[in-house]
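Everything below concerns the one structure shown next.
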Amino acid sequence: MLDIKLIREQPDLVRQRLASRNAGDEARIDELLKLDEQRRKLLAEVEGLKAQRNRVSKEIGALMGQKKIEEAEAKKKETRDLGDKITELDKHAAAAEAARDEILLRLPNLPHETVAVGKTAEDNPVMRTWGEKVNFSFKPKSHVELCESLKLVDFARGAKLSGSGFLLYTNWGARLERALIQFLLDLHITQHGYTEVSPPYVVSRDCMVGVGQFPKFVDQAYAVREGEDNSTLGSLYLLPTAEAPVANIHREEILAEKQLPIYYCAYSPCFRAEAGAAGVGTRGMIRVHQFDKVELIKIVKPEVGYDELEKLVGNAEKVLQLLELHYKVIQLCTGDMGFASAKTYDIEVWAPGQGQYLEVSSCSNCEDFQARRMSMRFKTETGENKFPHILNGSGTALARLFVALVETHQQADGSVLIPAALQPYLKTDRIQA
RNA sequence: GGAGAGAUGGCUGAGUGGCCUAAAGCGCAGGUUUGCUAAACCUGUGAACGGGAAACUGUUCCGAGGGUUCGAAUCCCUCUCUCUCCGCCA
């Protein structure tokens, strides 16, 4: 959520930066300001009336105490309709506030000034690359072929169980998935200073609003219903990312300054309806309704937000380096950035069987955008309450990492070599038929 | 699912319609004094949203939402959560 005071004081700046996202959100600022103005006017009016009522009520109390019943009754008559006016004005003020917040909750974050201006993914600048595309002396297979020949994933039965976009990992495939999860958690916890948490996989609506998934992207989530009871629909959702619960751990709290920075690391499956997305329904593991992910969350003081973002990306890159996978880091341009983010780096790993780069990590500084929605603050030494920066990054997404891994390390004989860093977890150096 | 008990400031906890401007204690911060692994005393100590250049000031908040009343932490209704016991259950 954007700071309403900033919008009030510098509407042109806000309009201009929203416009750089190329989504037309700046058009709503005038309406927003009008509602804000209206709300404040009503508030001033109704608060004046309330002050008056409080004053007179106190006088009545005093008169009653002195048994001056008649005088008290006269005062009561005098203020009787004050209450009605207050109720009426309260309603209007609440309506103006609700309308204002409705717009505010749907406005995306402002891009940071260092973010490249652009319209689509084609305008995303490449920051750096690591390693290079593998040279094969044979025609590399796609992960789908490898998964079938090595019996790592049973695509047909996965679809039978839950429909397209759901995977049934089998034997070494299931073990590889589990080994990767363990490897990722251990790396971030022991080498990068994160604290492991294991959150609920079903989260409240408030959590979804807090991270900015809702209200705008409600169609992308799986809603949970208890049995056939439709009244239970709409309060709980399957998590689309561990960011939803983990970033909300300290919602509505005022943290002590010395508690910061907080680094959390969490494994969870991620559930995405992917309504209208291309690629769902096709075979493979690139875009699915359920995938595993290890997520990194940071809650930090604003002044270090962007240093922490660079470190966060580095933590995710380390994963690919240890797994000996070629990747590039790109910065998302203003037109391609997610709703809550002020600055985002994506890491794309090379998948030779696909002949393309796959997004396996997205690292963002959301600044105070989410903290405002969650009402998460920290108290400075001077006693001031401030919003922290909240950062999130995949460290990393699993299904696509799995794809890059088997496609990159495949051998001419159809087997897959396991990188040294992963061998202690998988307890083999090679997967073969 | 059934029965019962609860929810008050950072924490403990009093408060059953009007000086509640929420007692008291603990904690925390500052000060004074004595001197030494600290103690005593004094003062202060929440949040949100408004108004104001500022000093300051108004409103709201006692789990949440409604209601009664001139006036609600307090009375009424609905809901949520926590705890205890029973049932079911991995």
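Ordered as shown in the structure tokens, chains take letters A, B, and onward, while each chain numbers its residues from 1 and ligands are numbered from 1 in the order shown.
Using only C-alpha atoms (C1' of nucleotides), the part of chain B that sits within 12 Å of chain A is made up of G10, G17, G18, C19, C28, A29, U45, G46, A47, A48, C49, G50, G51, U57, G58, U59, U60, U69, C70 and G71 of chain B.
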File of the preceding selection, N, CA, C and O atoms (P, O5', C5', C4', C3', O3' and C1' of nucleotides), as a short mmCIF file (atom, residue, chain, number, x, y, z; two decimals), in the first residue's frame:
```
data_model
loop_
_atom_site.label_atom_id
_atom_site.label_comp_id
_atom_site.auth_asym_id
_atom_site.auth_seq_id
_atom_site.Cartn_x
_atom_site.Cartn_y
_atom_site.Cartn_z
P G B 10 1.08 -2.05 24.45
"O5'" G B 10 2.05 -3.16 25.03
"C5'" G B 10 2.73 -4.03 24.12
"C4'" G B 10 3.76 -4.81 24.88
"C3'" G B 10 3.24 -5.59 26.07
"O3'" G B 10 2.73 -6.84 25.67
"C1'" G B 10 5.15 -4.37 26.73
P G B 17 -22.91 -0.63 37.72
"O5'" G B 17 -23.06 0.07 36.29
"C5'" G B 17 -21.99 0.13 35.39
"C4'" G B 17 -21.99 1.47 34.70
"C3'" G B 17 -22.48 2.65 35.53
"O3'" G B 17 -21.62 3.75 35.27
"C1'" G B 17 -23.56 2.66 33.48
P G B 18 -20.66 4.27 36.47
"O5'" G B 18 -20.26 5.72 35.93
"C5'" G B 18 -19.60 5.85 34.68
"C4'" G B 18 -19.40 7.32 34.36
"C3'" G B 18 -18.98 8.16 35.56
"O3'" G B 18 -18.13 9.19 35.08
"C1'" G B 18 -21.03 8.97 34.73
P C B 19 -16.57 8.96 35.18
"O5'" C B 19 -16.32 8.68 36.74
"C5'" C B 19 -16.33 9.74 37.65
"C4'" C B 19 -15.09 10.61 37.42
"C3'" C B 19 -13.81 10.14 38.10
"O3'" C B 19 -13.27 9.05 37.38
"C1'" C B 19 -13.98 12.53 38.09
P C B 28 14.05 -3.48 33.07
"O5'" C B 28 13.68 -2.36 32.00
"C5'" C B 28 13.60 -2.69 30.61
"C4'" C B 28 13.02 -1.52 29.84
"C3'" C B 28 13.73 -0.18 30.07
"O3'" C B 28 14.91 -0.07 29.32
"C1'" C B 28 11.40 0.13 30.21
P A B 29 16.15 0.77 29.90
"O5'" A B 29 15.69 2.27 29.69
"C5'" A B 29 15.56 2.81 28.37
"C4'" A B 29 15.04 4.22 28.44
"C3'" A B 29 15.81 5.15 29.37
"O3'" A B 29 16.98 5.67 28.76
"C1'" A B 29 13.50 5.39 29.76
P U B 45 3.67 10.25 30.39
"O5'" U B 45 4.22 8.89 29.76
"C5'" U B 45 5.02 8.91 28.57
"C4'" U B 45 5.66 7.55 28.37
"C3'" U B 45 4.67 6.43 28.08
"O3'" U B 45 4.46 6.36 26.69
"C1'" U B 45 6.31 5.72 29.67
P G B 46 3.13 6.79 26.03
"O5'" G B 46 2.63 5.45 25.34
"C5'" G B 46 3.57 4.49 24.90
"C4'" G B 46 2.85 3.43 24.13
"C3'" G B 46 2.26 3.89 22.80
"O3'" G B 46 3.22 3.86 21.77
"C1'" G B 46 0.63 2.71 24.00
P A B 47 3.12 4.87 20.58
"O5'" A B 47 1.92 4.23 19.74
"C5'" A B 47 2.08 2.95 19.16
"C4'" A B 47 0.78 2.54 18.51
"C3'" A B 47 0.23 3.53 17.49
"O3'" A B 47 0.85 3.38 16.23
"C1'" A B 47 -1.49 2.89 18.95
P A B 48 0.92 4.62 15.24
"O5'" A B 48 -0.56 4.66 14.68
"C5'" A B 48 -1.06 3.59 13.90
"C4'" A B 48 -2.50 3.84 13.57
"C3'" A B 48 -2.78 5.19 12.92
"O3'" A B 48 -2.53 5.15 11.53
"C1'" A B 48 -4.30 4.86 14.68
P C B 49 -2.03 6.48 10.80
"O5'" C B 49 -3.36 7.35 10.72
"C5'" C B 49 -4.52 6.85 10.06
"C4'" C B 49 -5.70 7.73 10.39
"C3'" C B 49 -5.49 9.21 10.13
"O3'" C B 49 -5.63 9.51 8.76
"C1'" C B 49 -6.51 8.92 12.23
P G B 50 -4.98 10.81 8.17
"O5'" G B 50 -6.04 11.88 8.65
"C5'" G B 50 -5.59 13.10 9.21
"C4'" G B 50 -6.79 13.83 9.75
"C3'" G B 50 -6.53 15.29 10.01
"O3'" G B 50 -6.79 16.05 8.84
"C1'" G B 50 -7.39 14.32 11.96
P G B 51 -5.74 17.12 8.34
"O5'" G B 51 -5.92 18.27 9.43
"C5'" G B 51 -7.18 18.90 9.59
"C4'" G B 51 -7.12 19.87 10.73
"C3'" G B 51 -5.89 20.77 10.78
"O3'" G B 51 -6.01 21.86 9.89
"C1'" G B 51 -6.29 19.90 12.92
P U B 57 -2.44 19.92 25.15
"O5'" U B 57 -3.54 19.87 23.99
"C5'" U B 57 -4.47 20.95 23.83
"C4'" U B 57 -5.26 20.75 22.56
"C3'" U B 57 -6.04 19.44 22.47
"O3'" U B 57 -7.26 19.50 23.20
"C1'" U B 57 -4.91 19.82 20.43
P G B 58 -7.94 18.14 23.70
"O5'" G B 58 -8.73 17.68 22.42
"C5'" G B 58 -9.87 18.40 21.98
"C4'" G B 58 -10.39 17.78 20.71
"C3'" G B 58 -10.75 16.31 20.81
"O3'" G B 58 -12.03 16.12 21.38
"C1'" G B 58 -9.47 16.66 18.86
P U B 59 -12.36 14.77 22.18
"O5'" U B 59 -12.48 13.72 21.01
"C5'" U B 59 -13.51 13.83 20.04
"C4'" U B 59 -13.29 12.81 18.95
"C3'" U B 59 -13.18 11.38 19.44
"O3'" U B 59 -14.45 10.79 19.69
"C1'" U B 59 -11.46 11.81 17.88
P U B 60 -14.60 9.68 20.83
"O5'" U B 60 -13.89 8.43 20.16
"C5'" U B 60 -14.44 7.84 18.99
"C4'" U B 60 -13.47 6.84 18.41
"C3'" U B 60 -13.04 5.73 19.34
"O3'" U B 60 -14.02 4.71 19.41
"C1'" U B 60 -11.15 6.59 18.22
P U B 69 -32.23 3.91 22.92
"O5'" U B 69 -31.34 4.61 24.02
"C5'" U B 69 -31.73 4.59 25.38
"C4'" U B 69 -30.63 5.16 26.23
"C3'" U B 69 -30.10 6.52 25.78
"O3'" U B 69 -30.94 7.58 26.22
"C1'" U B 69 -28.29 5.09 26.29
P C B 70 -31.22 8.81 25.25
"O5'" C B 70 -29.83 9.58 25.25
"C5'" C B 70 -29.62 10.66 24.35
"C4'" C B 70 -28.35 11.37 24.74
"C3'" C B 70 -27.17 10.46 25.02
"O3'" C B 70 -26.49 10.09 23.84
"C1'" C B 70 -27.37 12.01 26.77
P G B 71 -26.02 8.59 23.64
"O5'" G B 71 -24.90 8.45 24.77
"C5'" G B 71 -23.67 9.14 24.60
"C4'" G B 71 -22.83 8.98 25.84
"C3'" G B 71 -22.49 7.54 26.21
"O3'" G B 71 -21.40 7.07 25.46
"C1'" G B 71 -23.19 8.72 28.13
#
```
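Across the model, the gap from atom CA of A:Phe378 to atom CA of A:Gln259 is 8.7 Å.
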Secondary structure check, helix (DSSP H, G or I) residues of stretch 132-211 of chain A, as number ranges by chain: A: 143-149, 155-162, 172-191, 205-211
Expected answer as a PDB file with N, CA and C atoms, in the first residue's frame: strand (DSSP E) residues in stretch 73-195 of chain A:
```pdb
ATOM      1  N   VAL A 126      20.114  -7.229 -18.684  1.00  0.00           N
ATOM      2  CA  VAL A 126      20.860  -8.341 -18.101  1.00  0.00           C
ATOM      3  C   VAL A 126      21.949  -7.760 -17.218  1.00  0.00           C
ATOM      4  N   MET A 127      21.981  -8.184 -15.971  1.00  0.00           N
ATOM      5  CA  MET A 127      22.968  -7.644 -15.040  1.00  0.00           C
ATOM      6  C   MET A 127      24.293  -8.398 -15.137  1.00  0.00           C
ATOM      7  N   ARG A 128      24.201  -9.740 -15.196  1.00  0.00           N
ATOM      8  CA  ARG A 128      25.422 -10.554 -15.284  1.00  0.00           C
ATOM      9  C   ARG A 128      25.023 -11.966 -15.659  1.00  0.00           C
ATOM     10  N   THR A 129      26.030 -12.719 -16.111  1.00  0.00           N
ATOM     11  CA  THR A 129      25.815 -14.140 -16.377  1.00  0.00           C
ATOM     12  C   THR A 129      26.879 -14.924 -15.634  1.00  0.00           C
ATOM     13  N   TRP A 130      26.596 -16.177 -15.387  1.00  0.00           N
ATOM     14  CA  TRP A 130      27.571 -17.049 -14.700  1.00  0.00           C
ATOM     15  C   TRP A 130      27.633 -18.363 -15.464  1.00  0.00           C
ATOM     16  N   THR A 195      17.025 -18.166   9.356  1.00  0.00           N
ATOM     17  CA  THR A 195      16.384 -19.020  10.351  1.00  0.00           C
ATOM     18  C   THR A 195      15.277 -19.809   9.675  1.00  0.00           C
TER      19      THR A 195
END
```
Would you mind listing what lies within 9 Å of A:Val218 as a VMD selection string, with only C-alpha atoms (C1' of nucleotides) counted and same-chain residues fewer than 5 positions away left out? chain A and resid 208 213 223
